[in-house]
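Enquirer: Input structure: entry.cif, which contains mmCIF, C-alpha atoms.
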```cif
data_target
loop_
_atom_site.label_atom_id
_atom_site.label_comp_id
_atom_site.auth_asym_id
_atom_site.auth_seq_id
_atom_site.Cartn_x
_atom_site.Cartn_y
_atom_site.Cartn_z
CA MET A 1 22.77 131.40 257.29
CA VAL A 2 22.78 128.48 254.86
CA ASN A 3 22.43 126.03 257.73
CA THR A 4 19.53 128.04 259.13
CA VAL A 5 17.84 128.08 255.74
CA SER A 6 18.47 124.35 255.37
CA ALA A 7 16.83 123.61 258.71
CA SER A 8 13.92 125.91 257.92
CA ALA A 9 13.44 124.30 254.54
CA SER A 10 13.24 120.86 256.08
CA ALA A 11 10.68 122.09 258.60
CA PHE A 12 8.55 123.72 255.93
CA ILE A 13 8.61 120.97 253.35
CA ALA A 14 8.48 117.72 255.36
CA PRO A 15 6.71 115.97 256.82
CA ASP A 16 3.77 118.38 256.86
CA PRO A 17 4.58 121.06 254.31
CA LEU A 18 3.15 124.55 254.42
CA PRO A 19 0.89 125.69 251.57
CA THR A 20 2.85 126.73 248.50
CA PRO A 21 1.72 130.41 248.54
CA ILE A 22 2.98 130.76 252.13
CA LEU A 23 6.28 129.06 251.29
CA ALA A 24 6.66 131.31 248.25
CA ARG A 25 6.17 134.40 250.39
CA ILE A 26 8.61 133.19 253.06
CA ILE A 27 11.33 132.45 250.51
CA ALA A 28 10.74 135.73 248.66
CA HIS A 29 11.08 137.72 251.88
CA SER A 30 14.43 136.13 252.76
CA ASP A 31 17.29 135.45 250.36
CA PRO A 32 16.05 133.23 247.50
CA ARG A 33 19.62 132.68 246.28
CA LYS A 34 20.52 130.79 249.45
CA TRP A 35 17.34 128.76 249.28
CA HIS A 36 18.14 127.93 245.65
CA ALA A 37 21.66 126.86 246.65
CA LEU A 38 20.21 124.07 248.80
CA GLY A 39 19.39 122.11 245.67
CA ASN A 40 16.03 121.05 247.11
CA ALA A 41 13.66 120.15 244.28
CA SER A 42 10.58 121.42 246.12
CA VAL A 43 12.21 124.77 246.87
CA ARG A 44 13.38 125.17 243.28
CA ALA A 45 9.88 124.33 242.07
CA ILE A 46 8.54 127.19 244.19
CA ILE A 47 11.21 129.55 242.90
CA SER A 48 10.12 128.72 239.35
CA LEU A 49 6.57 129.92 240.04
CA THR A 50 5.46 133.25 238.56
CA SER A 51 3.71 134.10 241.84
CA PHE A 52 7.00 133.72 243.72
CA ARG A 53 8.94 135.83 241.22
CA CYS A 54 6.28 138.49 241.36
CA GLU A 55 6.61 138.59 245.15
CA TRP A 56 10.40 138.66 244.99
CA VAL A 57 10.35 141.54 242.52
CA TYR A 58 8.03 143.39 244.90
CA ASN A 59 10.44 142.89 247.81
CA LEU A 60 13.45 143.93 245.74
CA ALA A 61 11.60 147.07 244.61
CA CYS A 62 10.66 147.94 248.19
CA ALA A 63 14.24 147.44 249.35
CA ALA A 64 15.50 149.69 246.55
CA ASN A 65 12.87 152.40 247.20
CA VAL A 66 11.84 152.38 243.56
CA PRO A 67 10.05 155.70 242.88
CA ALA A 68 6.51 155.71 241.53
CA ARG A 69 7.79 157.91 238.70
CA PRO A 70 11.45 157.96 237.63
CA LYS A 71 13.05 161.37 237.29
CA THR A 72 15.85 160.37 234.94
CA THR A 73 16.77 157.57 232.56
CA ASP A 74 19.46 156.62 235.07
CA ASP A 75 16.67 155.87 237.55
CA ILE A 76 15.15 153.46 235.04
CA ILE A 77 18.44 151.71 234.37
CA HIS A 78 19.20 151.52 238.10
CA THR A 79 15.82 149.91 238.75
CA ALA A 80 16.54 147.27 236.14
CA THR A 81 19.87 146.56 237.82
CA VAL A 82 18.59 146.20 241.38
CA VAL A 83 15.12 144.73 240.76
CA LEU A 84 15.22 142.63 237.59
CA ASP A 85 18.85 141.57 237.27
CA PRO A 86 18.99 139.57 240.57
CA VAL A 87 16.12 137.37 239.38
CA THR A 88 17.66 136.93 235.93
CA LYS A 89 21.01 135.91 237.44
CA LEU A 90 19.35 133.30 239.66
CA VAL A 91 17.13 131.90 236.90
CA GLY A 92 19.92 131.95 234.33
CA SER A 93 18.08 133.86 231.60
CA ASP A 94 15.52 136.59 231.11
CA ASP A 95 12.81 134.12 230.06
CA TRP A 96 11.16 134.57 233.44
CA MET A 97 10.00 138.00 232.28
CA SER A 98 7.01 136.73 230.37
CA GLU A 99 3.40 137.51 229.62
CA ASN A 100 2.48 135.66 232.80
CA LEU A 101 4.69 137.95 234.88
CA ILE A 102 3.19 141.04 233.29
CA ARG A 103 -0.33 139.80 234.01
CA ALA A 104 0.60 138.81 237.58
CA LEU A 105 2.11 142.22 238.33
CA LYS A 106 -0.83 143.98 236.71
CA CYS A 107 -3.34 141.93 238.71
CA HIS A 108 -1.67 141.55 242.11
CA ARG A 109 0.73 144.51 242.29
CA PRO A 110 -0.79 147.21 240.07
CA SER A 111 1.09 150.11 241.67
CA LEU A 112 4.38 148.25 241.36
CA PHE A 113 3.59 147.35 237.76
CA THR A 114 3.05 151.02 236.90
CA ALA A 115 6.30 151.99 238.62
CA LEU A 116 8.24 149.24 236.86
CA ALA A 117 6.68 149.82 233.42
CA PRO A 118 9.52 152.05 232.05
CA CYS A 119 12.10 149.62 233.43
CA LEU A 120 10.33 146.62 231.87
CA VAL A 121 9.98 148.36 228.50
CA TRP A 122 13.66 149.33 228.63
CA THR A 123 14.74 145.77 229.41
CA PHE A 124 12.45 144.12 226.86
CA LEU A 125 13.53 146.43 224.04
CA LEU A 126 17.24 146.04 224.75
CA HIS A 127 16.66 142.29 224.45
CA GLU A 128 14.54 142.86 221.31
CA ARG A 129 11.39 141.41 222.89
CA ARG A 130 9.13 143.92 221.22
CA ASP A 131 5.85 142.08 221.77
CA LEU A 132 6.31 142.08 225.55
CA ALA A 133 7.38 145.73 225.54
CA SER A 134 4.18 146.58 223.65
CA MET A 135 2.15 144.57 226.15
CA VAL A 136 3.61 146.59 229.03
CA VAL A 137 2.85 149.88 227.27
CA THR A 138 -0.73 148.79 226.61
CA HIS A 139 -1.48 147.55 230.14
CA SER A 140 0.33 150.34 231.98
CA ARG A 141 -0.66 153.15 229.60
CA LEU A 142 2.93 154.29 229.67
CA ASP A 143 3.63 157.65 228.07
CA LEU A 144 6.68 157.09 225.90
CA CYS A 145 7.30 160.86 225.86
CA MET A 146 8.04 160.72 229.58
CA LEU A 147 11.04 162.60 230.95
CA ASP A 148 10.54 165.23 228.28
CA GLY A 149 11.60 162.84 225.51
CA ARG A 150 14.78 161.66 227.22
CA PHE A 151 13.44 158.11 227.63
CA VAL A 152 12.91 157.73 223.88
CA ARG A 153 16.27 159.31 223.20
CA ALA A 154 18.02 156.80 225.48
CA LEU A 155 16.24 153.92 223.72
CA VAL A 156 17.22 155.19 220.28
CA GLU A 157 20.82 155.81 221.34
CA ASN A 158 21.14 152.29 222.74
CA ARG A 159 19.39 150.62 219.82
CA PRO A 160 19.82 152.85 216.74
CA LEU A 161 17.81 150.55 214.51
CA VAL A 162 14.86 151.03 212.20
CA TRP A 163 12.77 148.49 214.10
CA MET A 164 13.09 150.65 217.21
CA LEU A 165 11.62 153.65 215.39
CA GLU A 166 8.88 151.43 213.98
CA TRP A 167 8.10 150.07 217.44
CA LEU A 168 7.89 153.57 218.92
CA GLU A 169 5.46 154.68 216.24
CA HIS A 170 3.41 151.49 216.54
CA ASN A 171 3.02 152.20 220.25
CA GLY A 172 1.67 155.69 219.77
CA LEU A 173 4.72 157.94 219.55
CA ASP A 174 4.47 160.84 217.11
CA ILE A 175 8.04 160.99 215.81
CA HIS A 176 7.39 164.10 213.73
CA ASP A 177 5.97 165.96 216.72
CA LEU A 178 8.85 164.85 218.92
CA TYR A 179 11.34 166.08 216.32
CA GLN A 180 9.59 169.43 215.99
CA GLN A 181 9.86 169.93 219.74
CA ASP A 182 13.60 169.14 219.59
CA LYS A 183 13.16 166.66 222.42
CA CYS A 184 14.83 163.60 220.97
CA PHE A 185 16.12 163.64 217.42
CA ASN A 186 18.45 166.56 217.92
CA MET A 187 21.71 167.38 216.16
CA SER A 188 23.69 165.08 218.43
CA ILE A 189 21.74 161.97 217.42
CA LEU A 190 21.54 162.93 213.76
CA THR A 191 25.28 163.55 213.66
CA SER A 192 25.99 160.14 215.19
CA TRP A 193 23.82 158.55 212.49
CA VAL A 194 25.66 160.43 209.75
CA MET A 195 29.07 159.51 211.15
CA SER A 196 28.05 155.83 211.29
CA SER A 197 26.49 156.05 207.79
CA ARG A 198 22.99 155.11 209.02
CA VAL A 199 21.16 156.25 205.91
CA ASP A 200 18.29 153.89 206.78
CA LEU A 201 17.56 155.82 209.98
CA LEU A 202 17.88 159.22 208.32
CA ASP A 203 15.60 158.07 205.51
CA TYR A 204 13.03 156.83 208.03
CA LEU A 205 12.78 160.36 209.44
CA ALA A 206 12.71 161.90 205.97
CA GLN A 207 9.76 159.67 205.03
CA ARG A 208 7.89 161.22 207.97
CA HIS A 209 8.27 164.62 206.24
CA ILE A 210 10.97 165.68 208.68
CA SER A 211 13.25 168.35 207.27
CA LEU A 212 16.77 167.37 208.28
CA PRO A 213 19.54 170.01 208.59
CA ALA A 214 21.28 168.60 205.52
CA ARG A 215 23.89 171.35 205.12
CA SER A 216 25.07 171.06 208.72
CA LEU A 217 25.09 167.27 208.57
CA LEU A 218 27.12 167.31 205.36
CA GLU A 219 29.96 169.00 207.22
CA TYR A 220 30.26 165.83 209.30
CA ALA A 221 29.60 163.49 206.38
CA LEU A 222 32.59 164.79 204.42
CA SER A 223 35.11 163.50 206.94
CA HIS A 224 33.29 160.69 208.72
CA SER A 225 30.79 159.07 206.39
CA THR A 226 30.32 157.45 202.99
CA PRO A 227 29.40 158.58 199.47
CA GLN A 228 25.95 157.02 199.99
CA THR A 229 25.32 159.22 203.02
CA VAL A 230 26.47 162.31 201.12
CA ASP A 231 24.14 161.39 198.25
CA PHE A 232 21.18 161.09 200.59
CA LEU A 233 21.84 164.43 202.30
CA VAL A 234 22.31 166.30 199.00
CA VAL A 235 19.06 164.87 197.61
CA HIS A 236 17.17 165.45 200.87
CA GLY A 237 18.53 168.98 201.15
CA ALA A 238 17.35 169.83 197.63
CA SER A 239 13.87 170.47 198.99
CA ASN A 240 15.11 172.78 201.76
CA ARG A 241 15.83 176.49 201.73
CA ASN A 242 19.42 175.75 202.61
CA ARG A 243 19.90 173.50 199.62
CA ILE A 244 23.47 172.74 198.66
CA SER A 245 24.80 172.06 195.18
CA TRP A 246 27.55 169.63 194.27
CA ASN A 247 29.76 172.62 193.38
CA ASP A 248 29.20 174.07 196.86
CA LEU A 249 30.01 170.70 198.33
CA LEU A 250 33.22 170.45 196.30
CA MET A 251 34.45 173.72 197.76
CA MET A 252 33.53 172.55 201.26
CA ALA A 253 35.39 169.29 200.65
CA CYS A 254 38.53 171.08 199.45
CA THR A 255 38.72 173.37 202.47
CA ASP A 256 38.15 170.52 204.94
CA ALA A 257 41.46 168.70 205.34
CA LYS A 258 39.67 165.68 206.80
CA THR A 259 37.46 164.99 203.79
CA ARG A 260 37.60 161.30 202.94
CA LEU A 261 39.17 160.41 199.61
CA ASP A 262 36.23 158.25 198.44
CA VAL A 263 33.79 161.04 199.33
CA PHE A 264 35.92 163.59 197.47
CA GLN A 265 36.06 161.42 194.36
CA HIS A 266 32.30 160.93 194.52
CA ILE A 267 31.71 164.66 194.71
CA ILE A 268 33.95 165.31 191.69
CA ALA A 269 31.99 162.72 189.72
CA ASN A 270 28.80 164.69 190.39
CA THR A 271 30.13 168.11 189.34
CA GLU A 272 30.43 169.61 185.88
CA PRO A 273 33.72 171.06 184.52
CA SER A 274 33.84 174.71 185.54
CA ILE A 275 35.92 177.42 187.20
CA VAL A 276 34.99 175.72 190.50
CA TRP A 277 37.53 173.03 189.60
CA THR A 278 40.19 175.75 189.30
CA PHE A 279 39.42 177.02 192.78
CA ALA A 280 39.19 173.48 194.15
CA ALA A 281 42.64 172.52 192.88
CA CYS A 282 44.24 175.61 194.42
CA CYS A 283 42.46 174.99 197.72
CA LEU A 284 43.81 171.45 197.86
CA ALA A 285 47.34 172.67 197.20
CA SER A 286 47.20 175.44 199.79
CA HIS A 287 45.90 173.00 202.45
CA ALA A 288 48.38 170.26 201.61
CA MET A 289 50.29 170.70 204.85
CA LEU A 290 47.15 169.72 206.82
CA ASP A 291 45.79 167.05 204.50
CA ASP A 292 47.89 163.93 203.90
CA SER A 293 45.74 162.93 200.96
CA ALA A 294 45.58 166.38 199.33
CA TYR A 295 47.86 165.41 196.46
CA THR A 296 45.89 162.20 195.85
CA LYS A 297 42.71 164.27 195.69
CA PHE A 298 44.40 166.74 193.35
CA SER A 299 45.47 163.86 191.11
CA ALA A 300 41.90 162.50 191.12
CA LEU A 301 40.63 165.89 190.01
CA ARG A 302 43.39 166.19 187.39
CA GLY A 303 42.52 162.76 186.02
CA THR A 304 38.88 163.71 185.42
CA PRO A 305 37.96 164.24 181.74
CA ASN A 306 38.33 167.89 180.63
CA ALA A 307 39.93 168.85 183.96
CA GLU A 308 43.29 170.03 182.58
CA HIS A 309 41.66 172.92 180.75
CA TRP A 310 40.13 174.22 183.97
CA LEU A 311 43.10 173.50 186.23
CA THR A 312 45.32 175.78 184.14
CA ARG A 313 42.88 178.71 184.10
CA SER A 314 43.83 181.98 185.76
CA LEU A 315 42.05 183.18 188.89
CA ARG A 316 41.32 186.90 188.93
CA GLY A 317 44.19 187.50 186.52
CA ARG A 318 46.69 185.31 188.35
CA THR A 319 47.88 181.86 187.38
CA PRO A 320 47.36 179.00 189.86
CA ILE A 321 51.15 179.00 190.49
CA GLU A 322 51.08 182.71 191.34
CA CYS A 323 48.20 182.12 193.73
CA LEU A 324 50.11 179.35 195.49
CA CYS A 325 53.37 181.30 195.65
CA GLU A 326 51.55 184.06 197.55
CA ARG A 327 50.81 181.54 200.29
CA LEU A 328 54.23 179.90 200.40
CA THR A 329 56.16 179.65 203.64
CA TYR A 330 59.25 177.69 204.56
CA GLU A 331 57.00 175.27 206.44
CA ASN A 332 54.56 174.49 203.64
CA MET A 333 56.94 174.69 200.69
CA PRO A 334 57.80 170.94 200.64
CA PHE A 335 54.07 170.13 200.69
CA MET A 336 53.08 172.55 197.91
CA SER A 337 55.96 171.93 195.51
CA PRO A 338 54.45 168.70 194.05
CA PHE A 339 51.36 170.68 193.05
CA ILE A 340 53.43 173.43 191.46
CA ARG A 341 55.39 170.75 189.60
CA ASP A 342 52.12 169.35 188.24
CA TYR A 343 50.98 172.80 187.16
CA LEU A 344 54.25 173.26 185.27
CA GLU A 345 53.68 169.91 183.54
CA LEU A 346 50.23 171.15 182.54
CA GLY A 347 51.79 174.22 180.90
CA VAL A 348 51.08 176.91 183.50
CA SER A 349 53.56 179.79 183.23
CA SER A 350 56.31 179.89 185.85
CA ALA A 351 56.68 183.66 185.58
CA GLY A 352 57.30 185.30 188.93
CA MET A 353 58.04 182.00 190.65
CA PRO A 354 60.80 182.30 193.32
CA ASN A 355 64.10 180.64 192.41
CA ILE A 356 64.01 178.38 195.45
CA VAL A 357 60.61 177.06 194.36
CA ALA A 358 61.89 176.50 190.85
CA ALA A 359 64.77 174.52 192.31
CA LEU A 360 62.43 172.36 194.38
CA CYS A 361 60.29 171.64 191.36
CA GLN A 362 63.17 170.47 189.13
#
```
As structure tokens - that is how I would like this structure written.

Expert:
Amino acid sequence: MVNTVSASASAFIAPDPLPTPILARIIAHSDPRKWHALGNASVRAIISLTSFRCEWVYNLACAANVPARPKTTDDIIHTATVVLDPVTKLVGSDDWMSENLIRALKCHRPSLFTALAPCLVWTFLLHERRDLASMVVTHSRLDLCMLDGRFVRALVENRPLVWMLEWLEHNGLDIHDLYQQDKCFNMSILTSWVMSSRVDLLDYLAQRHISLPARSLLEYALSHSTPQTVDFLVVHGASNRNRISWNDLLMMACTDAKTRLDVFQHIIANTEPSIVWTFAACCLASHAMLDDSAYTKFSALRGTPNAEHWLTRSLRGRTPIECLCERLTYENMPFMSPFIRDYLELGVSSAGMPNIVAALCQ
């Protein structure tokens, strides 16, 4: 095939070359990669023309049966792979996708341009070429809410950045409306932002008067996020019906064995000394078998000013040691004994404590 292309190239280019538009169409309808491999300067000059690339894109789209309207985001990604990527690989970069290409497609292949608009926007945004993506939206009148919001969701999932949200709004997307319809910013995306501590993204939505499910998100923040994320969710949730207090959060943190130590310490720092601390300490001790850092958390609580008074309080007429002994088993005894030992050091009565526990705590 290369030899055939070589002979054809010689016939076309010398001594009486065909007009450039005809050569461009001939090359575009064959295999431009083999023409390019010839190293002929005239051929490569043709391949560098926007008109040629526009024609090649058209042929690639026809060969791939690109639908006028994609049905899924996978269709959009597939179109980028089979229509745009071959040109990029030959050229060596994505610089060929320029304003000139957009204008050429709009002028000479309007139907193709409309069909490729989602694919072009997808590609431009993933390469952070926001101006060109906006140009495509403007000239194609692309509805960003296409595919029932799944297109926007895919963009946000692939580029979870504030500039992406800003770009979407700048190009006509009503983020608040989309959220209300539960078409994009659902619990799955919000949870991923919480778990990656993307307070900037959560705050962007909050500034659009979007009421985030703070209580539900806090359940994920305790074990997978940062004190800053917890702060944001507590403050944001204060304006909701399902508001959560720091005391409530402390109890949640104590019963969740996966609560991060830095988050736990931050929560303690935001609570006031109260009977909640008594409950919290007992919860930590009773869950010690599941939480490797339970004793460290208990020590952090014990080291807080005025904590000792509350840690030694009785709960419903029973001392903290009595409460723990009710939950003792052979399996959890080695894990709970350090807590009981601490309670004894704090002056809690050992009355009613089993002898075997007393022996372990010596």

Enquirer: Could you tell me which residues the PyMOL selection byres ((chain A and resi 96-108) around 9) returns for this structure, as a list of chain:residue names?

Expert: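 Evaluating the PyMOL selection byres ((chain A and resi 96-108) around 9) on this file yields A:Ser48, A:Thr50, A:Ser51, A:Arg53, A:Cys54, A:Glu55, A:Tyr58, A:Leu84, A:Val87, A:Thr88, A:Val91, A:Ser93, A:Asp94, A:Asp95, A:Arg109, A:Pro110, A:Ser111, A:Leu112, A:Phe113, A:Thr114, A:Leu120, A:Phe124, A:Leu132, A:Met135, A:Val136, A:His139, A:Ser140.
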
Enquirer: Starting from the shown file, work through the PyMOL selection byres ((chain A and resi 288-295) around 12) and note down what comes out as JSON, numbers by chain.

Expert: {"A": [223, 253, 254, 255, 256, 257, 258, 259, 260, 261, 262, 264, 265, 280, 281, 282, 283, 284, 285, 286, 287, 296, 297, 298, 299, 300, 301, 302, 324, 327, 328, 329, 330, 331, 332, 333, 334, 335, 336, 337, 338, 339, 340, 341, 342]}

Enquirer: When distances are computed from only C-alpha atoms, which of A:Asp85, A:Asn158, A:Asn65, A:Asn355 shows the smallest separation from Cys325 in chain A?

Expert: A:Asn355

Enquirer: Would you translate the PyMOL selection byres ((chain A and resi 81) around 12) into the concrete set of residues it matches in this file, as number ranges by chain?

Expert: A: 57, 60-61, 64, 66, 74-80, 82-89, 116, 119-120, 122-123

Enquirer: Give me a file of those residues, with C-alpha atoms, as an mmCIF file, in the frame of the given file.

Expert:
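Contents of the output file again-v8.cif:
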```cif
data_model
loop_
_atom_site.group_PDB
_atom_site.id
_atom_site.type_symbol
_atom_site.label_atom_id
_atom_site.label_comp_id
_atom_site.auth_asym_id
_atom_site.auth_seq_id
_atom_site.Cartn_x
_atom_site.Cartn_y
_atom_site.Cartn_z
ATOM 1 C CA VAL A 57 10.350 141.540 242.520
ATOM 2 C CA LEU A 60 13.450 143.930 245.740
ATOM 3 C CA ALA A 61 11.600 147.070 244.610
ATOM 4 C CA ALA A 64 15.500 149.690 246.550
ATOM 5 C CA VAL A 66 11.840 152.380 243.560
ATOM 6 C CA ASP A 74 19.460 156.620 235.070
ATOM 7 C CA ASP A 75 16.670 155.870 237.550
ATOM 8 C CA ILE A 76 15.150 153.460 235.040
ATOM 9 C CA ILE A 77 18.440 151.710 234.370
ATOM 10 C CA HIS A 78 19.200 151.520 238.100
ATOM 11 C CA THR A 79 15.820 149.910 238.750
ATOM 12 C CA ALA A 80 16.540 147.270 236.140
ATOM 13 C CA VAL A 82 18.590 146.200 241.380
ATOM 14 C CA VAL A 83 15.120 144.730 240.760
ATOM 15 C CA LEU A 84 15.220 142.630 237.590
ATOM 16 C CA ASP A 85 18.850 141.570 237.270
ATOM 17 C CA PRO A 86 18.990 139.570 240.570
ATOM 18 C CA VAL A 87 16.120 137.370 239.380
ATOM 19 C CA THR A 88 17.660 136.930 235.930
ATOM 20 C CA LYS A 89 21.010 135.910 237.440
ATOM 21 C CA LEU A 116 8.240 149.240 236.860
ATOM 22 C CA CYS A 119 12.100 149.620 233.430
ATOM 23 C CA LEU A 120 10.330 146.620 231.870
ATOM 24 C CA TRP A 122 13.660 149.330 228.630
ATOM 25 C CA THR A 123 14.740 145.770 229.410
#
```

Enquirer: Quote the spacing between CA of Arg313 in chain A and CA of Ile356 in chain A in Å to one decimal place.

Expert: 24.0 Å

Enquirer: Looking at only C-alpha atoms, which of A:Ile189, A:Cys184, A:Val137, A:Asp31 is the one that sits closest to Trp167 in chain A?

Expert: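 Between A:Ile189, A:Cys184, A:Val137, A:Asp31, the residue approaching Trp167 in chain A most closely is A:Val137.
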
Enquirer: Quick one: everything within 10 Å of Leu202 in chain A, counting all atoms listed in the file, minus sequence neighbours fewer than 3 positions away in the same chain. Send it as a ChimeraX atom specification.

Expert: /A:162,190,193-194,197-199,205-207,210,212,229,232-233,236

Enquirer: Can you pull out the residues contacting Ser350 in chain A? Cut-off 10 Å, using all atoms listed in the file, and skip same-chain residues under 3 positions away; I want them as a VMD selection string.

Expert: chain A and resid 319 to 322 340 to 341 343 to 344 347 353 to 354 357 to 358

Enquirer: Excluding Pro21 in chain A and its own-chain neighbours fewer than 3 positions away, which residues fall within 8 Å of it when counting all atoms listed in the file? Please give them as an mmCIF file with C-alpha atoms, in the coordinates of the input.

Expert:
```
data_model
loop_
_atom_site.group_PDB
_atom_site.id
_atom_site.type_symbol
_atom_site.label_atom_id
_atom_site.label_comp_id
_atom_site.auth_asym_id
_atom_site.auth_seq_id
_atom_site.Cartn_x
_atom_site.Cartn_y
_atom_site.Cartn_z
ATOM 1 C CA ALA A 24 6.660 131.310 248.250
ATOM 2 C CA ARG A 25 6.170 134.400 250.390
ATOM 3 C CA SER A 51 3.710 134.100 241.840
ATOM 4 C CA PHE A 52 7.000 133.720 243.720
#
```

Enquirer: Between CA of Ala115 in chain A and CA of Ala68 in chain A, what is the spacing in Å?

Expert: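 Atom-to-atom, CA of Ala68 in chain A to CA of Ala115 in chain A, that is 4.7 Å.
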
Enquirer: Pick from A:Lys71, A:Ala41, A:Ala63, A:Gly352: nearest to Cys323 in chain A, with only C-alpha atoms counted?

Expert: A:Gly352

Enquirer: Just the number, please: distance in Å from CA of Glu272 in chain A to CA of Met195 in chain A, one decimal.

Expert: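 For CA of Glu272 in chain A relative to CA of Met195 in chain A, the distance reads 27.2 Å.
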
Enquirer: What lies within 10 Å of Met187 in chain A using all atoms listed in the file, ignoring chain neighbours under 5 positions off, as a ChimeraX atom specification?

Expert: /A:182,192-193,212-213,216-217

Enquirer: Restricting the calculation to all atoms listed in the file: of A:Arg44, A:Arg130, A:Lys183, A:Arg215, which residue gets closest to Leu147 in chain A?

Expert: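 Nearest candidate to Leu147 in chain A out of A:Arg44, A:Arg130, A:Lys183, A:Arg215: A:Lys183.
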
Enquirer: How about completing range 30-44 of chain A with N, CA, C and O atoms and giving it to me as a compact mmCIF listing (two decimals), in the coordinates of the input?

Expert:
```txt
# COMPACT_ATOMS: atom_id res chain seq x y z
N SER A 30 13.08 136.38 252.24
CA SER A 30 14.43 136.13 252.76
C SER A 30 15.43 136.32 251.63
O SER A 30 15.36 137.30 250.91
N ASP A 31 16.32 135.37 251.45
CA ASP A 31 17.29 135.45 250.36
C ASP A 31 17.11 134.23 249.45
O ASP A 31 17.65 133.15 249.73
N PRO A 32 16.34 134.36 248.39
CA PRO A 32 16.05 133.23 247.50
C PRO A 32 17.30 132.54 246.96
O PRO A 32 17.28 131.35 246.67
N ARG A 33 18.40 133.28 246.83
CA ARG A 33 19.62 132.68 246.28
C ARG A 33 20.15 131.59 247.20
O ARG A 33 20.65 130.55 246.74
N LYS A 34 20.05 131.81 248.50
CA LYS A 34 20.52 130.79 249.45
C LYS A 34 19.56 129.61 249.51
O LYS A 34 19.99 128.47 249.69
N TRP A 35 18.30 129.87 249.36
CA TRP A 35 17.34 128.76 249.28
C TRP A 35 17.62 127.91 248.04
O TRP A 35 17.59 126.69 248.08
N HIS A 36 17.87 128.62 246.92
CA HIS A 36 18.14 127.93 245.65
C HIS A 36 19.40 127.08 245.74
O HIS A 36 19.48 125.99 245.15
N ALA A 37 20.38 127.56 246.52
CA ALA A 37 21.66 126.86 246.65
C ALA A 37 21.52 125.53 247.38
O ALA A 37 22.41 124.67 247.29
N LEU A 38 20.41 125.33 248.08
CA LEU A 38 20.21 124.07 248.80
C LEU A 38 20.04 122.88 247.85
O LEU A 38 20.30 121.74 248.23
N GLY A 39 19.59 123.19 246.64
CA GLY A 39 19.39 122.11 245.67
C GLY A 39 18.14 121.31 245.90
O GLY A 39 17.94 120.26 245.28
N ASN A 40 17.27 121.76 246.81
CA ASN A 40 16.03 121.05 247.11
C ASN A 40 15.04 121.22 245.96
O ASN A 40 14.72 122.34 245.55
N ALA A 41 14.55 120.12 245.44
CA ALA A 41 13.66 120.15 244.28
C ALA A 41 12.37 120.91 244.57
O ALA A 41 11.86 121.66 243.71
N SER A 42 11.83 120.74 245.77
CA SER A 42 10.58 121.42 246.12
C SER A 42 10.79 122.93 246.19
O SER A 42 9.94 123.71 245.74
N VAL A 43 11.91 123.34 246.78
CA VAL A 43 12.21 124.77 246.87
C VAL A 43 12.40 125.36 245.47
O VAL A 43 11.87 126.43 245.16
N ARG A 44 13.14 124.65 244.63
CA ARG A 44 13.38 125.17 243.28
C ARG A 44 12.09 125.22 242.46
O ARG A 44 11.92 126.08 241.60
```
